[in-house]
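Peer 1: This is the structure I have questions about; it appears just below.
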Amino acid sequence: MERFIQVIVDGVATGSIYAALAIALVLIFRSTGIVNFAQGEMAMFSTFIAWGLYAGGVPLGLAILTTLVLSFIAGMVIERGLIRHFEGGETLTLVIVTLGLFILLNSLAGWIWGFGNRSFPSLFGDSTFTLGGVRLTVESVGIVAVLLGVVGVLFLLFQRTKIGLAMRAAALNPESSGLVGVRVGRMLMLGWGLAAALGALAGVLVAPRLFLDVNLMGSVLIYAFAAAALGGFDSAIGAVVGGWVIGISENLAGTYVDFIGADLKILVPLAIIFVVLLVRPSGLFGTREVARV
Amino acid sequence: MTRLLEVEGLRAGYGQVEVLEGIDFAVDGGQKVVILGPNGAGKTTTLRALSGMVHTNGRIAFDGRSLAGMRTAEIARRGVAHVPEGRGTFPELTVQENLRLGAYVRRDGAAVKEDLRRCYGWFPRLEERQSQPAGSLSGGELQMLAMARALMLRPRLLMLDEPSLGLAPIVTRQLFRVLGEICDEQGMTVLLVEQNAGLALDFADRAYVLESGRIALSGEAQEIKDNDAVRRAYLGF
Amino acid sequence: MSERTLRVVGVWALVVLALLVPFLFGPYRVGEFTLVLAYAVAVLGLNLLVGYNGQISLGHGAFFALGAYTAALLIEKGGLPYLLTLPIAGVVAFAAGFLFGVPALRLRGLYLALVTLGLAIAFPQLIKRFDGLTEGTQGLTVEQPTAPSWLPLADDQFLYLLTLLIAAIMFVAAWSLMRSQVGRAVQAVRDGEIPASTLGIDLARTKTRVFALSAGYAGVAGALYVLAIGFVAPEAFTVTVSLAFLAAIVVGGLATIVGAVFGALFIEFVPDYASDVNDALTGVVYGGVLILFMYLLPDGAVGLLRRIGRLVARRPAAPAEAGRRPAVAPRGRGLPAGKA
């Protein structure tokens, strides 16, 4: 039983990491209308930057904070410098651009930092504590706390601030937004910046658990995509719930079901998605589309 | 009376199709001007051209500065509030959020709150539904929301695209009455585009008649209304 | 010279060039071109689904792999003559595509993309799992076709020409299908499902059949791949393959038949060229070229050729083509179907 709770808590922690990246995907999807294939690689790149700062002597917390800021800026630059050109055109073209960016970043990171792996320190250290007879790691709890904090901040941003309202408006209806003076391009830049920072956060949270190498975010991206889809690609809350469901089920399956070894672990969330989407094609929380002819 | 808006030789269209073939009109500060005309004449295109939503040629001077080539958001920031054909509201956002967006470019927080109160005064139905998503409003309420949203900008020029479209006659009359009251109270400058010539001519000071992309007729609204021959020839009633 | 004539001349020129390849290049290059032909068939299949029918698949690598393994196992463990394995691989992949296509009907854009991606990821894992049958990560060596003695051709030339023949058949079939009533229905579904259904088109049937057909094409391509390479292993069929096919249809030109050839050439040769430029920066060059391509040629290679053709034919662009696009283009929310 104790083990069970540990597995659940750990699953929620891993799920929170997927959720962070999933929120980034949802942000981009709702504002720019595409799935950014390169979101994971951008996060990986950011994580390497954090590692570089840390290895250079910067204290971990400061290194991560700096990385988040740099990632935010990078996200804005990518939107303005690359993505902007393709907005309003054929969606698939833009998807392929993000694919190209994926390939590019992966290779660039390898060129700069090599293709070997290295360890990345955890923000929370590796101590454990006991709660109600169950031993939990500070790290797991810390990750969940960070995620909840992030979601809280995003909620305040989007629901209670002027600029958050403008970002929502720009994503919902760019033309009407222009009529009230909202500069849609700038809102998109902000969205990409936020998404990049969220991705970086996901990266530095997951790196201590796996090894930091150029393929760090490969499977995390897929889990994040699945989490976002499960949540309906509509909201941060959906992404969080989706992430948790996936994190928990992945962990449960990996621990308790024998024939699922490391190889097939990734199939569990995918199978769940498939089943959920069969029943609710627009995800758990997605708004049903009303077809207008 | 200052000339607020001056348009000269305006051409606009979509791709290869030219809709406006060079029109001239003007709006003075505090004036209410209506552009009438049948479907397809180019009325909506005119407002869209002024809002930078279509490619234009010609001169558009707003308060002495040229608007030609400017982007929609910048034009709005100059104080031009445009209520488009589709109302320009955000169905997924609440009524309150829609109104707040209307005041997005303003920096005077206290005055914005005051204006919000005033809007609710003019349109009590909106206050009742302030926390509801705009998509749940009826046609008439939506039109009120659209107008209130535009007013929240504290615009120098209010542009309305066929406010009567899709509304029951009684709702339309009410809308124009409220609009008239607001304009008298605020000294608002209005450029209206309408198919419902009767109500519009009662409301406006000056009228232009647009036909196939050209101005066919212009003059004082009351004169046009009183002139039977003109009315029958151009406005069909 | 009219545009149409130019187009016909262009296609025939391509055919002639294709026929000359085995006699102009050495065996290694010819082998690469054989692979290009195999990929082209898969890319064409995907284009039928995505370009002509408006669905999405990030998982065609799985059907490709299915066809490859079907052919490999039939040849090595079943002793079947290799020619026979081609249609069988196609049918098996077609059936798999159909089975997949039925539940996929309910999914749009994003969700379909995810589920097909899941398929692409799952398949190589499944291959590894059932290594009793598939030889798992070790891979399976497959005997390759040799030139019959009565033909004055080297093995690589024969293999190339055989692949070319099969590919040509597949291309002509797809071309004539898309020009037929069925093809028009397929495209009508892409352009608007509700209007299409009011015209009496059975949406479910059309979409599942196109899905199955495109999977079948990928299956045949997989079999051709096996014959060309002589070896299968799960590592050859990762997600990368599916994504490469997707890139190929856009690079070649969405909703074109000939585009598949250009797309296949791109995904076969550009990574090679990229690693020649700088081995460590292969991805940077490849990714960069891909982005550049999208920048310069958003309509793909075929789009460029059509534009050139228009200029050469010196016909002014017909008003129906050039007009009717508003100066303010509505923001495209094309494939991943999000908010309208």
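Chain labels follow the order of the structure tokens: the first chain is A, the next B, and so on; residue numbering restarts at 1 in every chain, and ligands are counted from 1 in their shown order.
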I need the residues of region 140-251 of chain C that end up classed as strand (DSSP E or B) by DSSP on the backbone, written out as an MDAnalysis selection string.
Peer 2: chainID C and resid 140:141 231:232
Peer 1: Could you write out that same residue set with N, CA and C atoms as a PDB file, in the first residue's frame?
Peer 2:
ATOM      1  N   LEU C 140      16.589  -8.608 -39.835  1.00  0.00           N
ATOM      2  CA  LEU C 140      16.395  -9.761 -40.710  1.00  0.00           C
ATOM      3  C   LEU C 140      17.018  -9.445 -42.066  1.00  0.00           C
ATOM      4  N   THR C 141      17.915 -10.324 -42.473  1.00  0.00           N
ATOM      5  CA  THR C 141      18.483 -10.117 -43.802  1.00  0.00           C
ATOM      6  C   THR C 141      17.583 -10.763 -44.829  1.00  0.00           C
ATOM      7  N   PHE C 231      17.518  -5.708 -45.994  1.00  0.00           N
ATOM      8  CA  PHE C 231      17.649  -5.872 -44.549  1.00  0.00           C
ATOM      9  C   PHE C 231      16.555  -5.074 -43.865  1.00  0.00           C
ATOM     10  N   VAL C 232      15.970  -5.648 -42.815  1.00  0.00           N
ATOM     11  CA  VAL C 232      15.028  -4.855 -42.003  1.00  0.00           C
ATOM     12  C   VAL C 232      15.383  -4.941 -40.536  1.00  0.00           C
TER      13      VAL C 232
END
Peer 1: Would you mind listing, for every residue of chain B within 10 Å of chain A, the two atoms forming the shortest contact and the distance between them in Å to one decimal, using only C-alpha atoms, sorted by chain and ascending residue number, as a Markdown table?
Peer 2:
| residue | atom | partner | partner_atom | distance |
| --- | --- | --- | --- | --- |
| B:Ser51 | CA | A:Leu179 | CA | 7.8 |
| B:Gly52 | CA | A:Leu179 | CA | 9.8 |
| B:Met53 | CA | A:Glu175 | CA | 8.6 |
| B:Arg71 | CA | A:Gly178 | CA | 8.3 |
| B:Thr72 | CA | A:Gly178 | CA | 5.4 |
| B:Ala73 | CA | A:Gly181 | CA | 4.0 |
| B:Glu74 | CA | A:Gly181 | CA | 6.3 |
| B:Ile75 | CA | A:Gly181 | CA | 7.5 |
| B:Ala76 | CA | A:Gly181 | CA | 5.0 |
| B:Arg77 | CA | A:Gly181 | CA | 5.4 |
| B:Arg78 | CA | A:Gly181 | CA | 8.9 |
| B:Gly79 | CA | A:Gly181 | CA | 9.3 |
| B:Val80 | CA | A:Leu179 | CA | 8.6 |
| B:Ala81 | CA | A:Leu179 | CA | 7.0 |
| B:His82 | CA | A:Leu179 | CA | 6.5 |
| B:Val83 | CA | A:Leu179 | CA | 8.1 |
| B:Pro84 | CA | A:Ser176 | CA | 8.6 |
| B:Gly86 | CA | A:Ser176 | CA | 9.0 |
| B:Arg87 | CA | A:Ser176 | CA | 8.5 |
| B:Gly88 | CA | A:Ser176 | CA | 4.8 |
| B:Thr89 | CA | A:Ser176 | CA | 6.7 |
| B:Phe90 | CA | A:Asn173 | CA | 7.2 |
| B:Pro91 | CA | A:Leu172 | CA | 9.1 |
| B:Glu92 | CA | A:Leu172 | CA | 8.0 |
| B:Leu93 | CA | A:Ala169 | CA | 8.2 |
| B:Glu97 | CA | A:Leu165 | CA | 7.6 |
| B:Asn98 | CA | A:Ala169 | CA | 9.0 |
| B:Arg100 | CA | A:Lys162 | CA | 8.2 |
| B:Leu101 | CA | A:Val180 | CA | 6.6 |
| B:Gly102 | CA | A:Val180 | CA | 5.5 |
| B:Ala103 | CA | A:Val180 | CA | 7.4 |
| B:Tyr104 | CA | A:Val180 | CA | 6.6 |
| B:Val105 | CA | A:Gly181 | CA | 6.2 |
| B:Arg106 | CA | A:Gly181 | CA | 9.7 |
| B:Arg149 | CA | A:Val180 | CA | 8.5 |
| B:Ala150 | CA | A:Val180 | CA | 7.8 |
| B:Met152 | CA | A:Val180 | CA | 9.5 |
| B:Leu153 | CA | A:Val180 | CA | 7.5 |
Peer 1: Hey, can you spit out that residue selection with N, CA and C atoms as an mmCIF file, in the first residue's frame?
Peer 2:
data_model
loop_
_atom_site.group_PDB
_atom_site.id
_atom_site.type_symbol
_atom_site.label_atom_id
_atom_site.label_comp_id
_atom_site.auth_asym_id
_atom_site.auth_seq_id
_atom_site.Cartn_x
_atom_site.Cartn_y
_atom_site.Cartn_z
ATOM 1 N N SER B 51 -10.584 51.302 -41.557
ATOM 2 C CA SER B 51 -9.972 50.582 -40.436
ATOM 3 C C SER B 51 -8.727 49.822 -40.820
ATOM 4 N N GLY B 52 -8.283 49.997 -42.048
ATOM 5 C CA GLY B 52 -7.058 49.324 -42.448
ATOM 6 C C GLY B 52 -7.202 47.827 -42.632
ATOM 7 N N MET B 53 -8.409 47.377 -42.898
ATOM 8 C CA MET B 53 -8.610 45.936 -43.040
ATOM 9 C C MET B 53 -8.548 45.472 -44.485
ATOM 10 N N ARG B 71 -2.014 49.994 -39.787
ATOM 11 C CA ARG B 71 -2.668 48.759 -39.372
ATOM 12 C C ARG B 71 -3.880 49.026 -38.497
ATOM 13 N N THR B 72 -4.784 48.070 -38.494
ATOM 14 C CA THR B 72 -6.035 48.227 -37.757
ATOM 15 C C THR B 72 -5.817 48.640 -36.311
ATOM 16 N N ALA B 73 -4.898 47.949 -35.614
ATOM 17 C CA ALA B 73 -4.704 48.252 -34.193
ATOM 18 C C ALA B 73 -4.234 49.692 -33.998
ATOM 19 N N GLU B 74 -3.380 50.165 -34.899
ATOM 20 C CA GLU B 74 -2.894 51.542 -34.771
ATOM 21 C C GLU B 74 -4.018 52.534 -35.002
ATOM 22 N N ILE B 75 -4.874 52.232 -35.973
ATOM 23 C CA ILE B 75 -6.003 53.114 -36.266
ATOM 24 C C ILE B 75 -6.929 53.183 -35.058
ATOM 25 N N ALA B 76 -7.152 52.027 -34.448
ATOM 26 C CA ALA B 76 -8.000 52.021 -33.252
ATOM 27 C C ALA B 76 -7.370 52.870 -32.164
ATOM 28 N N ARG B 77 -6.054 52.781 -32.059
ATOM 29 C CA ARG B 77 -5.375 53.562 -31.039
ATOM 30 C C ARG B 77 -5.450 55.059 -31.283
ATOM 31 N N ARG B 78 -5.781 55.446 -32.529
ATOM 32 C CA ARG B 78 -5.953 56.868 -32.832
ATOM 33 C C ARG B 78 -7.308 57.364 -32.377
ATOM 34 N N GLY B 79 -8.172 56.441 -31.952
ATOM 35 C CA GLY B 79 -9.474 56.871 -31.490
ATOM 36 C C GLY B 79 -10.597 56.594 -32.477
ATOM 37 N N VAL B 80 -10.364 55.631 -33.382
ATOM 38 C CA VAL B 80 -11.419 55.262 -34.322
ATOM 39 C C VAL B 80 -12.008 53.936 -33.852
ATOM 40 N N ALA B 81 -13.265 53.970 -33.436
ATOM 41 C CA ALA B 81 -13.911 52.747 -32.966
ATOM 42 C C ALA B 81 -14.827 52.226 -34.069
ATOM 43 N N HIS B 82 -14.586 51.003 -34.470
ATOM 44 C CA HIS B 82 -15.310 50.417 -35.597
ATOM 45 C C HIS B 82 -16.123 49.234 -35.085
ATOM 46 N N VAL B 83 -17.441 49.315 -35.265
ATOM 47 C CA VAL B 83 -18.281 48.166 -34.961
ATOM 48 C C VAL B 83 -18.578 47.489 -36.282
ATOM 49 N N PRO B 84 -17.921 46.352 -36.557
ATOM 50 C CA PRO B 84 -17.999 45.774 -37.903
ATOM 51 C C PRO B 84 -19.285 44.986 -38.115
ATOM 52 N N GLY B 86 -19.696 41.818 -38.323
ATOM 53 C CA GLY B 86 -19.831 40.666 -37.437
ATOM 54 C C GLY B 86 -19.904 41.071 -35.977
ATOM 55 N N ARG B 87 -20.065 42.337 -35.703
ATOM 56 C CA ARG B 87 -20.165 42.886 -34.346
ATOM 57 C C ARG B 87 -18.828 42.998 -33.642
ATOM 58 N N GLY B 88 -17.846 42.174 -33.978
ATOM 59 C CA GLY B 88 -16.539 42.314 -33.366
ATOM 60 C C GLY B 88 -16.478 41.954 -31.894
ATOM 61 N N THR B 89 -17.460 41.221 -31.418
ATOM 62 C CA THR B 89 -17.423 40.829 -30.009
ATOM 63 C C THR B 89 -16.775 39.460 -29.873
ATOM 64 N N PHE B 90 -16.457 39.111 -28.669
ATOM 65 C CA PHE B 90 -15.812 37.830 -28.387
ATOM 66 C C PHE B 90 -16.811 36.943 -27.642
ATOM 67 N N PRO B 91 -17.426 35.995 -28.357
ATOM 68 C CA PRO B 91 -18.474 35.190 -27.726
ATOM 69 C C PRO B 91 -17.999 34.384 -26.515
ATOM 70 N N GLU B 92 -16.706 34.008 -26.519
ATOM 71 C CA GLU B 92 -16.239 33.169 -25.416
ATOM 72 C C GLU B 92 -15.941 33.972 -24.160
ATOM 73 N N LEU B 93 -15.786 35.300 -24.306
ATOM 74 C CA LEU B 93 -15.489 36.127 -23.139
ATOM 75 C C LEU B 93 -16.776 36.686 -22.563
ATOM 76 N N GLU B 97 -15.796 41.379 -19.769
ATOM 77 C CA GLU B 97 -14.480 41.286 -20.403
ATOM 78 C C GLU B 97 -14.484 41.950 -21.768
ATOM 79 N N ASN B 98 -15.580 41.780 -22.494
ATOM 80 C CA ASN B 98 -15.689 42.430 -23.795
ATOM 81 C C ASN B 98 -15.597 43.936 -23.651
ATOM 82 N N ARG B 100 -14.265 45.628 -21.154
ATOM 83 C CA ARG B 100 -12.925 46.012 -20.715
ATOM 84 C C ARG B 100 -11.949 46.033 -21.868
ATOM 85 N N LEU B 101 -12.139 45.075 -22.779
ATOM 86 C CA LEU B 101 -11.276 45.050 -23.958
ATOM 87 C C LEU B 101 -11.467 46.321 -24.789
ATOM 88 N N GLY B 102 -12.704 46.795 -24.806
ATOM 89 C CA GLY B 102 -12.976 48.013 -25.556
ATOM 90 C C GLY B 102 -12.086 49.154 -25.089
ATOM 91 N N ALA B 103 -11.776 49.150 -23.794
ATOM 92 C CA ALA B 103 -10.966 50.226 -23.229
ATOM 93 C C ALA B 103 -9.501 49.856 -23.153
ATOM 94 N N TYR B 104 -9.112 48.805 -23.866
ATOM 95 C CA TYR B 104 -7.757 48.262 -23.748
ATOM 96 C C TYR B 104 -6.664 49.316 -23.874
ATOM 97 N N VAL B 105 -6.812 50.218 -24.840
ATOM 98 C CA VAL B 105 -5.707 51.148 -25.093
ATOM 99 C C VAL B 105 -5.674 52.321 -24.124
ATOM 100 N N ARG B 106 -6.681 52.421 -23.294
ATOM 101 C CA ARG B 106 -6.732 53.585 -22.402
ATOM 102 C C ARG B 106 -5.919 53.370 -21.149
ATOM 103 N N ARG B 149 -18.986 48.440 -26.413
ATOM 104 C CA ARG B 149 -17.561 48.114 -26.508
ATOM 105 C C ARG B 149 -16.837 49.226 -27.237
ATOM 106 N N ALA B 150 -17.452 49.704 -28.329
ATOM 107 C CA ALA B 150 -16.840 50.779 -29.106
ATOM 108 C C ALA B 150 -16.789 52.067 -28.293
ATOM 109 N N MET B 152 -16.499 52.355 -25.162
ATOM 110 C CA MET B 152 -15.507 52.249 -24.096
ATOM 111 C C MET B 152 -14.147 52.767 -24.533
ATOM 112 N N LEU B 153 -13.955 52.855 -25.804
ATOM 113 C CA LEU B 153 -12.682 53.363 -26.302
ATOM 114 C C LEU B 153 -12.584 54.876 -26.084
#
Peer 1: Got a sec: who's within 9 Å of region 285-290 of chain C, counting only C-alpha atoms, leaving out chain neighbours fewer than 2 positions off, as JSON, numbers by chain?
Peer 2: {"A": [96, 97, 99, 100, 101, 102, 103, 104, 105, 107], "C": [247, 251, 270, 271, 272, 273, 274, 275, 277, 278, 281, 282, 283, 292, 293, 294, 295]}
Peer 1: May I have the residues from that selection written out with C-alpha atoms, as a compact mmCIF listing (two decimals), in the first residue's frame?
Peer 2:
# COMPACT_ATOMS: atom_id res chain seq x y z
CA ILE A 96 7.02 21.50 -41.13
CA VAL A 97 8.93 24.64 -40.15
CA LEU A 99 9.87 20.16 -37.58
CA GLY A 100 12.87 21.76 -39.25
CA LEU A 101 13.50 23.72 -36.09
CA PHE A 102 13.36 20.47 -34.12
CA ILE A 103 16.01 18.88 -36.28
CA LEU A 104 18.12 22.02 -36.25
CA LEU A 105 18.08 22.53 -32.49
CA SER A 107 21.84 18.93 -33.97
CA ALA C 247 7.96 16.81 -44.69
CA VAL C 251 8.34 19.90 -49.89
CA VAL C 270 19.41 16.36 -48.46
CA PRO C 271 20.43 14.60 -45.21
CA ASP C 272 23.33 13.07 -47.16
CA TYR C 273 24.34 16.42 -48.53
CA ALA C 274 23.97 17.93 -45.08
CA SER C 275 26.39 15.46 -43.56
CA VAL C 277 28.78 19.82 -45.66
CA ASN C 278 29.56 19.25 -42.02
CA LEU C 281 26.07 19.87 -38.06
CA THR C 282 24.05 17.54 -40.27
CA GLY C 283 20.82 18.36 -38.52
CA LEU C 292 14.44 27.68 -46.12
CA PHE C 293 12.43 25.53 -48.46
CA MET C 294 9.21 26.41 -46.66
CA TYR C 295 10.20 30.06 -46.80
Peer 1: Running DSSP on the backbone, which parts of region 51-169 of chain B land in alpha helix (DSSP H), as a ChimeraX atom specification?
Peer 2: /B:72-77,95-102,109-122,124-128,139-151,169
Peer 1: Quick one: which residues from chain B are at most 8 Å off chain C, using only C-alpha atoms, as a list in words?
Peer 2: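 Close enough to count are Gly13, Tyr14, Gly15, Gln16, Val17, Met53, Val54 and His55 of chain B.
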Peer 1: Here is a test: counting only C-alpha atoms, which residue of C:Leu304, C:Val226, C:Leu119, C:Ala212 is nearest to chain A?
Peer 2: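 Smallest distance to chain A is found for C:Leu119.
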Peer 1: Could you give me, as a list in words, the residues within 7 Å of region 129-131 of chain B, counting only C-alpha atoms and dropping anything in the same chain fewer than 6 positions from it?
Peer 2: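 Returned residues: Thr94, Val95 and Gln96 of chain B.
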Peer 1: Those same residues, written as a compact mmCIF listing (two decimals), in the first residue's frame with N, CA and C atoms?
Peer 2:
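What ended up in result-v6.txt:
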# COMPACT_ATOMS: atom_id res chain seq x y z
N THR B 94 -16.72 37.07 -21.30
CA THR B 94 -17.93 37.61 -20.68
C THR B 94 -18.22 39.01 -21.19
N VAL B 95 -19.43 39.46 -20.92
CA VAL B 95 -19.84 40.80 -21.32
C VAL B 95 -18.87 41.83 -20.74
N GLN B 96 -18.57 41.67 -19.46
CA GLN B 96 -17.65 42.59 -18.79
C GLN B 96 -16.27 42.60 -19.44
Peer 1: Show me which bits of chain A are within 7 Å of chain C, counting only C-alpha atoms, as a PyMOL selection string.
Peer 2: chain A and resi 33-34+88-93+96-97+100-101+103-105+107-108+111+226+229+263-264+267+270+274+278+281+293
Peer 1: Could you save the residues just selected, with N, CA and C atoms, as a PDB file, in the first residue's frame?
Peer 2:
ATOM      1  N   GLY A  33      -2.260  28.347 -33.460  1.00  0.00           N
ATOM      2  CA  GLY A  33      -3.041  27.374 -34.217  1.00  0.00           C
ATOM      3  C   GLY A  33      -2.288  26.135 -34.657  1.00  0.00           C
ATOM      4  N   ILE A  34      -1.080  25.932 -34.176  1.00  0.00           N
ATOM      5  CA  ILE A  34      -0.340  24.740 -34.577  1.00  0.00           C
ATOM      6  C   ILE A  34       0.214  24.033 -33.355  1.00  0.00           C
ATOM      7  N   GLY A  88      -0.905  32.701 -40.878  1.00  0.00           N
ATOM      8  CA  GLY A  88      -1.905  33.089 -41.867  1.00  0.00           C
ATOM      9  C   GLY A  88      -1.809  32.276 -43.137  1.00  0.00           C
ATOM     10  N   GLY A  89      -0.780  31.475 -43.243  1.00  0.00           N
ATOM     11  CA  GLY A  89      -0.661  30.640 -44.436  1.00  0.00           C
ATOM     12  C   GLY A  89      -1.131  29.226 -44.165  1.00  0.00           C
ATOM     13  N   GLU A  90      -0.703  28.331 -44.994  1.00  0.00           N
ATOM     14  CA  GLU A  90      -1.064  26.929 -44.847  1.00  0.00           C
ATOM     15  C   GLU A  90      -0.494  26.384 -43.533  1.00  0.00           C
ATOM     16  N   THR A  91      -1.363  25.825 -42.728  1.00  0.00           N
ATOM     17  CA  THR A  91      -0.935  25.357 -41.400  1.00  0.00           C
ATOM     18  C   THR A  91       0.152  24.319 -41.482  1.00  0.00           C
ATOM     19  N   LEU A  92       0.017  23.395 -42.423  1.00  0.00           N
ATOM     20  CA  LEU A  92       0.983  22.305 -42.515  1.00  0.00           C
ATOM     21  C   LEU A  92       2.380  22.832 -42.804  1.00  0.00           C
ATOM     22  N   THR A  93       2.474  23.904 -43.572  1.00  0.00           N
ATOM     23  CA  THR A  93       3.788  24.494 -43.840  1.00  0.00           C
ATOM     24  C   THR A  93       4.446  24.903 -42.538  1.00  0.00           C
ATOM     25  N   ILE A  96       5.746  21.989 -40.595  1.00  0.00           N
ATOM     26  CA  ILE A  96       7.018  21.499 -41.127  1.00  0.00           C
ATOM     27  C   ILE A  96       8.158  22.423 -40.709  1.00  0.00           C
ATOM     28  N   VAL A  97       7.885  23.711 -40.621  1.00  0.00           N
ATOM     29  CA  VAL A  97       8.926  24.639 -40.150  1.00  0.00           C
ATOM     30  C   VAL A  97       9.338  24.267 -38.729  1.00  0.00           C
ATOM     31  N   GLY A 100      11.504  21.367 -38.873  1.00  0.00           N
ATOM     32  CA  GLY A 100      12.866  21.759 -39.254  1.00  0.00           C
ATOM     33  C   GLY A 100      13.616  22.341 -38.061  1.00  0.00           C
ATOM     34  N   LEU A 101      12.894  23.126 -37.284  1.00  0.00           N
ATOM     35  CA  LEU A 101      13.499  23.723 -36.092  1.00  0.00           C
ATOM     36  C   LEU A 101      13.910  22.630 -35.099  1.00  0.00           C
ATOM     37  N   ILE A 103      14.804  19.532 -35.789  1.00  0.00           N
ATOM     38  CA  ILE A 103      16.013  18.878 -36.276  1.00  0.00           C
ATOM     39  C   ILE A 103      17.228  19.776 -36.054  1.00  0.00           C
ATOM     40  N   LEU A 104      17.037  21.055 -36.352  1.00  0.00           N
ATOM     41  CA  LEU A 104      18.119  22.018 -36.249  1.00  0.00           C
ATOM     42  C   LEU A 104      18.626  22.141 -34.813  1.00  0.00           C
ATOM     43  N   LEU A 105      17.687  22.327 -33.884  1.00  0.00           N
ATOM     44  CA  LEU A 105      18.078  22.529 -32.493  1.00  0.00           C
ATOM     45  C   LEU A 105      18.754  21.296 -31.912  1.00  0.00           C
ATOM     46  N   SER A 107      20.482  19.046 -33.445  1.00  0.00           N
ATOM     47  CA  SER A 107      21.841  18.933 -33.965  1.00  0.00           C
ATOM     48  C   SER A 107      22.742  20.032 -33.409  1.00  0.00           C
ATOM     49  N   LEU A 108      22.194  21.228 -33.283  1.00  0.00           N
ATOM     50  CA  LEU A 108      22.990  22.342 -32.775  1.00  0.00           C
ATOM     51  C   LEU A 108      23.439  22.082 -31.348  1.00  0.00           C
ATOM     52  N   TRP A 111      26.175  19.666 -31.354  1.00  0.00           N
ATOM     53  CA  TRP A 111      27.418  20.274 -31.821  1.00  0.00           C
ATOM     54  C   TRP A 111      28.062  21.088 -30.722  1.00  0.00           C
ATOM     55  N   ALA A 226       0.317  14.043 -25.593  1.00  0.00           N
ATOM     56  CA  ALA A 226      -0.780  13.185 -25.162  1.00  0.00           C
ATOM     57  C   ALA A 226      -1.554  13.845 -24.022  1.00  0.00           C
ATOM     58  N   ALA A 229      -3.708  16.606 -25.373  1.00  0.00           N
ATOM     59  CA  ALA A 229      -4.849  16.072 -26.117  1.00  0.00           C
ATOM     60  C   ALA A 229      -5.895  15.527 -25.161  1.00  0.00           C
ATOM     61  N   ASP A 263      10.628  -0.836 -22.685  1.00  0.00           N
ATOM     62  CA  ASP A 263      10.324  -0.682 -24.095  1.00  0.00           C
ATOM     63  C   ASP A 263       8.910  -0.184 -24.349  1.00  0.00           C
ATOM     64  N   LEU A 264       7.990  -0.862 -23.721  1.00  0.00           N
ATOM     65  CA  LEU A 264       6.597  -0.589 -24.062  1.00  0.00           C
ATOM     66  C   LEU A 264       5.943   0.427 -23.146  1.00  0.00           C
ATOM     67  N   LEU A 267       3.779   3.047 -24.480  1.00  0.00           N
ATOM     68  CA  LEU A 267       2.512   2.691 -25.098  1.00  0.00           C
ATOM     69  C   LEU A 267       1.333   2.886 -24.169  1.00  0.00           C
ATOM     70  N   LEU A 270      -0.304   6.228 -24.534  1.00  0.00           N
ATOM     71  CA  LEU A 270      -0.866   6.288 -25.875  1.00  0.00           C
ATOM     72  C   LEU A 270      -2.129   5.444 -25.955  1.00  0.00           C
ATOM     73  N   PHE A 274      -5.936   6.766 -26.784  1.00  0.00           N
ATOM     74  CA  PHE A 274      -6.724   6.167 -27.834  1.00  0.00           C
ATOM     75  C   PHE A 274      -8.115   5.830 -27.319  1.00  0.00           C
ATOM     76  N   LEU A 278     -11.670   7.683 -28.209  1.00  0.00           N
ATOM     77  CA  LEU A 278     -12.746   6.922 -28.830  1.00  0.00           C
ATOM     78  C   LEU A 278     -14.073   7.338 -28.229  1.00  0.00           C
ATOM     79  N   PRO A 281     -14.024  12.323 -28.395  1.00  0.00           N
ATOM     80  CA  PRO A 281     -13.040  12.724 -29.398  1.00  0.00           C
ATOM     81  C   PRO A 281     -12.415  14.093 -29.176  1.00  0.00           C
ATOM     82  N   VAL A 293     -21.525  25.670 -41.325  1.00  0.00           N
ATOM     83  CA  VAL A 293     -21.271  25.503 -42.752  1.00  0.00           C
ATOM     84  C   VAL A 293     -20.949  26.865 -43.355  1.00  0.00           C
TER      85      VAL A 293
END
Peer 1: Might you pull out every residue within 8 Å of region 64-70 of chain A, with only C-alpha atoms counted and same-chain residues fewer than 6 positions away left off, and present them as an NGL selection string?
Peer 2: :A and (46-47 or 49-50 or 197-198 or 200-201 or 204)
Peer 1: So the first atom is CA of Tyr223 (chain A) and the second is CA of Phe45 (chain A); what is the distance between them in Å, to one decimal place?
Peer 2: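 Going from CA of Tyr223 (chain A) over to CA of Phe45 (chain A) covers 18.5 Å.
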Peer 1: Applying 9 Å and only C-alpha atoms, which residues near Ala38 (chain C) remain after dropping the ones on its own chain fewer than 3 positions away? List them as a list in words.
Peer 2: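 With the cut-off at 9 Å, the set is Phe33, Thr34, Leu35, Val41, Ala42, Val43, Thr163, Leu164, Ala167, Ala218, Val220, Ala221, Gly222, Ala223, Leu224, Tyr225, Ala228 and Ala264 of chain C.
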Peer 1: Which neighbours of Gly37 (chain B) fall inside 10 Å, counting only C-alpha atoms, when residues of the same chain fewer than 2 positions from it are skipped, and could you give them as a ChimeraX atom specification?
Peer 2: /B:34-35,39-43,193-197,208-213,215-216,234-235
